[in-house]
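Enquirer: So that you have it, the file is start.cif, and it contains mmCIF, C-alpha atoms:
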data_input
loop_
_atom_site.label_atom_id
_atom_site.label_comp_id
_atom_site.auth_asym_id
_atom_site.auth_seq_id
_atom_site.Cartn_x
_atom_site.Cartn_y
_atom_site.Cartn_z
CA MET A 759 13.51 -62.68 -10.81
CA ASN A 760 12.57 -58.99 -10.52
CA LEU A 761 11.41 -56.82 -13.42
CA LYS A 762 14.75 -55.03 -13.72
CA SER A 763 16.65 -58.31 -14.05
CA GLN A 764 14.17 -59.56 -16.63
CA GLY A 765 14.73 -56.43 -18.68
CA LYS A 766 18.53 -56.93 -18.61
CA ASN A 767 18.20 -60.58 -19.63
CA LEU A 768 15.98 -59.61 -22.54
CA LEU A 769 18.60 -57.15 -23.83
CA VAL A 770 21.04 -60.07 -24.07
CA LYS A 771 18.48 -62.30 -25.76
CA ARG A 772 17.57 -59.63 -28.31
CA ARG A 773 21.13 -59.69 -29.69
CA THR A 774 20.32 -63.08 -31.24
CA LYS A 775 20.08 -62.74 -35.01
CA ILE A 776 16.90 -63.99 -36.67
CA THR A 777 15.77 -63.33 -40.22
CA LEU A 778 12.12 -62.40 -40.81
CA GLU A 779 10.57 -61.87 -44.21
CA PRO A 780 8.15 -58.94 -44.72
CA ILE A 781 4.54 -59.89 -44.02
CA LYS A 782 2.54 -60.34 -47.19
CA LYS A 783 -0.45 -62.36 -46.04
CA ARG A 784 -3.92 -60.91 -45.61
CA ARG A 785 -4.44 -61.49 -41.87
CA ILE A 786 -1.63 -59.39 -40.45
CA PRO A 787 -2.59 -59.91 -36.75
CA ASP A 788 -2.40 -63.69 -37.28
CA GLU A 789 1.03 -63.25 -38.81
CA ILE A 790 2.16 -61.03 -35.93
CA LEU A 791 1.12 -63.72 -33.44
CA SER A 792 3.04 -66.31 -35.47
CA ARG A 793 6.15 -64.13 -35.43
CA ILE A 794 5.97 -63.48 -31.71
CA ASN A 795 5.74 -67.25 -31.27
CA MET A 796 8.84 -67.58 -33.44
CA LEU A 797 10.76 -65.10 -31.31
CA VAL A 798 9.73 -66.95 -28.13
CA ASP A 799 10.72 -70.32 -29.61
CA SER A 800 14.10 -68.93 -30.71
CA GLY A 801 14.81 -67.45 -27.28
CA VAL A 802 14.80 -63.82 -28.45
CA LEU A 803 11.72 -63.32 -26.24
CA GLN A 804 10.93 -65.39 -23.16
CA HIS A 805 7.81 -66.23 -21.17
CA GLY A 806 7.57 -63.77 -18.30
CA SER A 807 9.91 -61.30 -19.99
CA LYS A 808 9.25 -57.68 -20.81
CA LEU A 809 8.36 -56.82 -24.40
CA PRO A 810 10.60 -54.31 -26.19
CA PRO A 811 9.22 -50.79 -26.70
CA GLU A 812 6.51 -50.59 -29.38
CA ARG A 813 8.73 -48.93 -31.97
CA GLU A 814 11.49 -51.51 -31.52
CA LEU A 815 9.10 -54.48 -31.51
CA ALA A 816 7.40 -53.25 -34.70
CA LYS A 817 10.82 -53.04 -36.34
CA MET A 818 11.76 -56.53 -35.13
CA LEU A 819 8.51 -57.97 -36.54
CA GLN A 820 8.66 -55.78 -39.66
CA VAL A 821 5.06 -54.56 -39.25
CA SER A 822 3.43 -51.18 -38.87
CA ARG A 823 2.86 -49.86 -35.35
CA PRO A 824 -0.97 -49.66 -35.80
CA SER A 825 -1.05 -53.35 -36.84
CA LEU A 826 1.15 -54.25 -33.90
CA ARG A 827 -1.09 -52.35 -31.47
CA GLU A 828 -4.16 -54.20 -32.74
CA ALA A 829 -2.52 -57.59 -32.31
CA LEU A 830 -1.17 -56.73 -28.85
CA ARG A 831 -4.58 -55.46 -27.78
CA ALA A 832 -6.08 -58.84 -28.67
CA LEU A 833 -3.28 -60.65 -26.85
CA SER A 834 -3.98 -58.51 -23.79
CA LEU A 835 -7.70 -59.27 -23.89
CA LEU A 836 -6.88 -62.98 -24.04
CA GLY A 837 -4.49 -62.71 -21.08
CA ILE A 838 -1.41 -63.61 -23.13
CA ILE A 839 0.34 -60.35 -22.26
CA THR A 840 -0.14 -58.05 -19.29
CA ASN A 841 0.62 -54.39 -18.78
CA HIS A 842 2.27 -53.22 -15.56
CA PRO A 843 1.91 -49.43 -15.30
CA GLY A 844 5.32 -47.83 -14.95
CA SER A 845 7.13 -51.08 -15.79
CA GLY A 846 5.96 -52.08 -19.26
CA THR A 847 4.21 -54.95 -21.02
CA PHE A 848 5.14 -58.55 -20.19
CA ILE A 849 4.56 -61.90 -21.87
CA SER A 850 2.62 -64.42 -19.78
CA SER A 851 4.94 -66.51 -17.62
CA SER A 852 2.85 -69.59 -18.40
CA SER A 853 3.59 -71.20 -21.76
CA SER A 854 0.21 -72.97 -21.61
CA LEU A 855 -1.58 -69.63 -21.93
CA PHE A 856 0.29 -68.63 -25.07
CA PRO A 857 -1.61 -69.67 -28.22
CA ARG A 858 0.19 -71.77 -30.78
CA GLU A 859 -2.59 -71.07 -33.26
CA ALA A 860 -3.55 -67.97 -35.22
CA PHE A 861 -6.38 -65.89 -33.74
CA SER A 862 -8.81 -67.29 -36.31
CA LEU A 863 -8.02 -70.86 -35.19
CA LEU A 864 -7.98 -69.90 -31.53
CA PHE A 865 -11.67 -69.02 -31.66
CA ALA A 866 -12.52 -72.28 -33.40
CA ILE A 867 -10.68 -74.26 -30.71
CA ASN A 868 -11.58 -72.38 -27.53
CA LYS A 869 -15.35 -72.21 -27.07
CA LYS A 870 -15.00 -70.30 -23.79
CA ILE A 871 -13.59 -67.31 -25.65
CA PHE A 872 -16.75 -67.28 -27.76
CA ILE A 873 -18.98 -67.39 -24.68
CA ASP A 874 -17.00 -64.71 -22.81
CA LEU A 875 -17.11 -62.41 -25.81
CA ILE A 876 -20.87 -62.86 -26.27
CA GLU A 877 -21.48 -62.15 -22.58
CA ALA A 878 -19.42 -58.96 -22.86
CA ARG A 879 -21.27 -57.95 -26.02
CA LYS A 880 -24.66 -58.45 -24.36
CA ALA A 881 -23.72 -56.02 -21.61
CA ILE A 882 -22.10 -53.44 -23.89
CA GLU A 883 -24.18 -53.63 -27.06
CA GLY A 884 -27.44 -53.86 -25.13
CA ALA A 885 -26.62 -50.43 -23.70
CA ILE A 886 -25.54 -49.20 -27.13
CA ALA A 887 -28.86 -50.23 -28.71
CA LYS A 888 -30.73 -48.45 -25.92
CA LEU A 889 -28.78 -45.24 -26.51
CA ALA A 890 -29.19 -45.58 -30.28
CA ALA A 891 -32.98 -45.68 -29.80
CA LYS A 892 -32.71 -42.51 -27.74
CA ASN A 893 -30.22 -40.53 -29.86
CA ARG A 894 -30.58 -41.78 -33.45
CA THR A 895 -31.07 -39.24 -36.23
CA LYS A 896 -32.72 -39.50 -39.65
CA LYS A 897 -29.25 -39.93 -41.13
CA ASP A 898 -28.60 -42.85 -38.75
CA LEU A 899 -31.86 -44.49 -39.81
CA SER A 900 -30.91 -44.12 -43.46
CA SER A 901 -27.54 -45.78 -42.85
CA LEU A 902 -29.14 -48.61 -40.88
CA THR A 903 -31.75 -49.12 -43.59
CA ASN A 904 -29.06 -49.45 -46.26
CA ALA A 905 -27.10 -52.00 -44.21
CA LEU A 906 -30.26 -53.96 -43.42
CA GLU A 907 -31.33 -54.06 -47.07
CA SER A 908 -27.86 -55.25 -48.04
CA MET A 909 -28.14 -58.06 -45.48
CA LYS A 910 -31.51 -59.07 -46.93
CA ASN A 911 -30.04 -59.18 -50.43
CA SER A 912 -27.15 -61.36 -49.23
CA LEU A 913 -29.06 -64.20 -47.56
CA HIS A 914 -27.47 -66.77 -49.87
CA ASN A 915 -23.95 -65.37 -49.50
CA PRO A 916 -22.70 -65.85 -45.89
CA ASP A 917 -19.47 -63.87 -46.37
CA LEU A 918 -21.29 -60.88 -47.86
CA PHE A 919 -24.02 -61.13 -45.22
CA ASN A 920 -21.32 -61.05 -42.55
CA LYS A 921 -19.84 -57.90 -44.08
CA TYR A 922 -23.14 -56.02 -43.96
CA GLU A 923 -23.99 -57.40 -40.51
CA ILE A 924 -20.77 -55.85 -39.21
CA GLU A 925 -21.71 -52.59 -40.93
CA PHE A 926 -25.16 -52.69 -39.33
CA HIS A 927 -23.68 -52.99 -35.85
CA GLU A 928 -21.17 -50.23 -36.57
CA LYS A 929 -24.03 -47.90 -37.57
CA ILE A 930 -25.82 -48.66 -34.30
CA ILE A 931 -22.65 -47.79 -32.38
CA ALA A 932 -22.48 -44.48 -34.28
CA ALA A 933 -26.16 -43.80 -33.59
CA SER A 934 -25.61 -44.20 -29.84
CA GLN A 935 -23.51 -41.00 -29.95
CA ASN A 936 -21.45 -42.22 -27.01
CA VAL A 937 -17.71 -41.72 -27.45
CA ILE A 938 -16.70 -44.02 -24.59
CA LEU A 939 -18.76 -46.97 -25.80
CA ARG A 940 -17.44 -46.41 -29.32
CA GLU A 941 -13.88 -46.56 -27.98
CA ILE A 942 -14.61 -49.76 -26.04
CA MET A 943 -16.02 -51.44 -29.15
CA GLY A 944 -13.03 -50.19 -31.13
CA LYS A 945 -10.66 -51.89 -28.70
CA LEU A 946 -12.59 -55.14 -29.18
CA GLY A 947 -12.35 -54.70 -32.95
CA LEU A 948 -9.94 -57.52 -33.79
CA LEU A 949 -11.67 -60.08 -31.58
CA LEU A 950 -15.07 -59.13 -32.99
CA ARG A 951 -13.93 -59.44 -36.60
CA GLN A 952 -12.25 -62.78 -36.02
CA SER A 953 -15.16 -64.15 -34.00
CA ARG A 954 -17.70 -63.15 -36.65
CA GLU A 955 -15.71 -64.98 -39.30
CA GLU A 956 -15.94 -68.10 -37.15
CA TRP A 957 -19.61 -67.59 -36.24
CA ILE A 958 -20.54 -67.81 -39.91
CA ARG A 959 -19.65 -71.52 -39.68
CA TYR A 960 -22.35 -71.94 -37.04
CA THR A 961 -25.03 -69.75 -38.61
CA LYS A 962 -24.73 -70.00 -42.41
CA ASP A 963 -28.02 -71.96 -42.52
CA LEU A 964 -29.78 -69.44 -40.31
CA LEU A 965 -29.20 -66.17 -42.14
CA GLU A 966 -32.89 -65.45 -42.69
CA GLU A 967 -33.56 -65.85 -38.99
CA LEU A 968 -30.60 -63.61 -38.23
CA TYR A 969 -31.91 -61.00 -40.63
CA LYS A 970 -35.27 -60.96 -38.83
CA LYS A 971 -33.55 -60.42 -35.49
CA HIS A 972 -31.62 -57.48 -36.91
CA TYR A 973 -34.81 -56.08 -38.36
CA LEU A 974 -36.38 -56.08 -34.88
CA ILE A 975 -33.40 -54.16 -33.50
CA PHE A 976 -33.81 -51.63 -36.30
CA LYS A 977 -37.58 -51.43 -35.79
CA TYR A 978 -37.30 -50.50 -32.11
CA ILE A 979 -34.45 -48.06 -32.70
CA LYS A 980 -36.61 -46.36 -35.34
CA GLN A 981 -39.55 -46.24 -32.91
CA LYS A 982 -37.28 -44.82 -30.19
CA ASP A 983 -38.33 -47.71 -27.95
CA LYS A 984 -35.23 -47.92 -25.76
CA LYS A 985 -36.30 -50.89 -23.65
CA ARG A 986 -37.28 -53.09 -26.60
CA ALA A 987 -34.24 -52.07 -28.64
CA MET A 988 -31.97 -53.22 -25.83
CA LYS A 989 -33.91 -56.47 -25.40
CA ALA A 990 -33.85 -57.16 -29.15
CA MET A 991 -30.08 -56.73 -29.21
CA ILE A 992 -29.59 -59.04 -26.21
CA ASP A 993 -31.96 -61.61 -27.72
CA HIS A 994 -29.95 -61.51 -30.94
CA LEU A 995 -26.70 -62.20 -29.06
CA GLU A 996 -28.29 -64.90 -26.92
CA PHE A 997 -29.29 -66.60 -30.17
CA PHE A 998 -25.57 -66.99 -30.95
CA GLU A 999 -24.83 -68.06 -27.40
CA LYS A 1000 -27.37 -70.90 -27.50
CA ILE A 1001 -25.94 -72.19 -30.78
CA ILE A 1002 -22.38 -72.18 -29.47
CA ARG A 1003 -23.37 -73.77 -26.16
CA GLY A 1004 -25.19 -76.43 -28.16
CA THR A 1005 -28.55 -75.71 -26.51
CA ARG A 1006 -30.24 -74.62 -29.74
CA HIS A 1007 -30.84 -77.04 -32.58
CA HIS A 1008 -30.76 -76.00 -36.23
CA LYS A 1009 -34.38 -76.43 -37.21
CA ASN A 1010 -34.24 -74.39 -40.38
CA LYS A 1011 -31.83 -75.71 -42.92
CA GLY A 1012 -31.18 -74.30 -46.37
CA LYS A 1013 -33.51 -71.42 -47.06
CA GLY A 1014 -35.09 -71.73 -43.62
#
Please lay out the structure from this file as structure tokens.
Expert:
Amino acid sequence: MNLKSQGKNLLVKRRTKITLEPIKKRRIPDEILSRINMLVDSGVLQHGSKLPPERELAKMLQVSRPSLREALRALSLLGIITNHPGSGTFISSSSSLFPREAFSLLFAINKKIFIDLIEARKAIEGAIAKLAAKNRTKKDLSSLTNALESMKNSLHNPDLFNKYEIEFHEKIIAASQNVILREIMGKLGLLLRQSREEWIRYTKDLLEELYKKHYLIFKYIKQKDKKRAMKAMIDHLEFFEKIIRGTRHHKNKGKG
């Protein structure tokens, strides 16, 4: 079936009436995924079919367009939807690729997504740390110091530690002063937030060790040592990778 025929078929399917309640839950992207699943299951949307225009789809799902964009961006990164320039965005033709779980559960189930994301982060954030060491200002150092101190004071609170760890990485991105890299990390935003929430399950007994690795990144950025800053960032991410691959054993339990 060609793209034009798919579009016509979708117009017929979209006439099906389906009632959706306004989204009230905290994780809006998870809810958006659930609702897209509902529309596929009901036949309003079909595997391989073209998605409605953004404005119309947001109205169908009863969500804001920014929230919809964020969820669709994550679906695109996972290969669930694909964009064909000049034709539109299409749902994967394979039902096996479409997740039946929320994004938060998807990460817990699919280890490969973890590994792929870490490998991408090593390449991108290694370069960001190197640029941060080159371009950081006194104001950047002050922001990084505050985030690092907050991490240190949250060693016995994994959720709070995670919050300040995210802030620390965001400050490094800002210190790099590279608009393109900032945009790339912004597009990975949803996947990064969801993955970090899951990573806490793996690392809650290793927060002190994690803090020390972040301190090294900060130390080399402060010293303007580009090579070591990049290596420290990559080492930090490889630490996660070894845990997830199961090649690193938790030696330090509790307070570590």
Enquirer: Can you give me, as number ranges by chain, the residues this file yields under the PyMOL selection byres ((chain A and resi 899) around 9)?
Expert: A: 894-898, 900-904, 929, 933, 976, 979-980
Enquirer: So which residues get picked by the PyMOL selection byres ((chain A and resi 889) around 12) here, written as JSON, numbers by chain?
Expert: {"A": [882, 883, 884, 885, 886, 887, 888, 890, 891, 892, 893, 894, 895, 930, 931, 932, 933, 934, 935, 936, 937, 939, 940, 978, 979, 980, 982, 983, 984, 985, 986, 987, 988, 991]}
Enquirer: Measuring atom to atom with all atoms listed in the file, identify which of A:Ser822, A:Gln981, A:Ser953, A:Asn920 is nearest to Leu968 (chain A).
Expert: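 Of all the options, A:Asn920 lies closest to Leu968 (chain A).
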Enquirer: List the residues sitting within 12 Å of (-22.5, -56.0, -41.4) in the file's frame, using only C-alpha atoms, as a VMD selection string.
Expert: chain A and resid 901 to 910 912 916 to 930 950 to 951 954 to 955 968 to 969 972
Enquirer: Please compute the CA of Glu966 (chain A)-CA of Ala881 (chain A) distance, one decimal, in Å.
Expert: 24.8 Å
Enquirer: Smallest atom-to-atom distance to Ile1002 (chain A): which of A:Lys817, A:Arg827, A:Lys870, A:His805, using all atoms listed in the file?
Expert: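 Looking at the shortest contact to Ile1002 (chain A), the residue is A:Lys870.
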Enquirer: Could the centre and edge lengths of an axis-aligned box, enclosing all atoms of region 938-945 of chain A in the file with 3 Å extra on each side, be given in Å to one decimal as JSON?
Expert:
{"center_x": -14.7, "center_y": -48.0, "center_z": -27.9, "size_x": 14.1, "size_y": 13.9, "size_z": 12.5}
Enquirer: With all atoms listed in the file as the basis for distance, which of A:Thr840, A:Ser825, A:Gln804, A:Ser834 is at the shortest distance from Glu789 (chain A)?
Expert: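 Of A:Thr840, A:Ser825, A:Gln804, A:Ser834, the one nearest Glu789 (chain A) is A:Ser825, counting all atoms listed in the file.
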Enquirer: For each of A:Val821, A:Ile938, A:Leu830, A:Ile838, take the minimum atom-to-atom distance to Gly806 (chain A), counting all atoms listed in the file, then give the residue where this is smallest.
Expert: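 Closest to Gly806 (chain A) of all the choices is A:Ile838.
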Enquirer: Which residue out of A:Glu814, A:Asp874, A:Glu999, A:Glu941 has the minimum interatomic distance to Leu826 (chain A) when all atoms listed in the file are used?
Expert: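 Distance minimum relative to Leu826 (chain A) lands on A:Glu814.
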Enquirer: Could you jot down the CA of Leu965 (chain A) to CA of Glu877 (chain A) separation for me, Å, one decimal place?
Expert: 21.4 Å
Enquirer: Can you work out which one of A:Leu949, A:Lys970, A:Asp963, A:Val802 has the shortest atom-to-atom distance to Asn915 (chain A), counting all atoms listed in the file?
Expert: A:Asp963
Enquirer: How many Å lie between CA of Leu875 (chain A) and CA of Leu797 (chain A), rounded to one decimal?
Expert: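 These atoms are spaced 28.5 Å apart.
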Enquirer: What's around Ile839 (chain A) at 8 Å? Count all atoms listed in the file, leave out sequence neighbours fewer than 6 positions away in its own chain, and write the answer as a ChimeraX atom specification.
Expert: /A:830,833,847-850
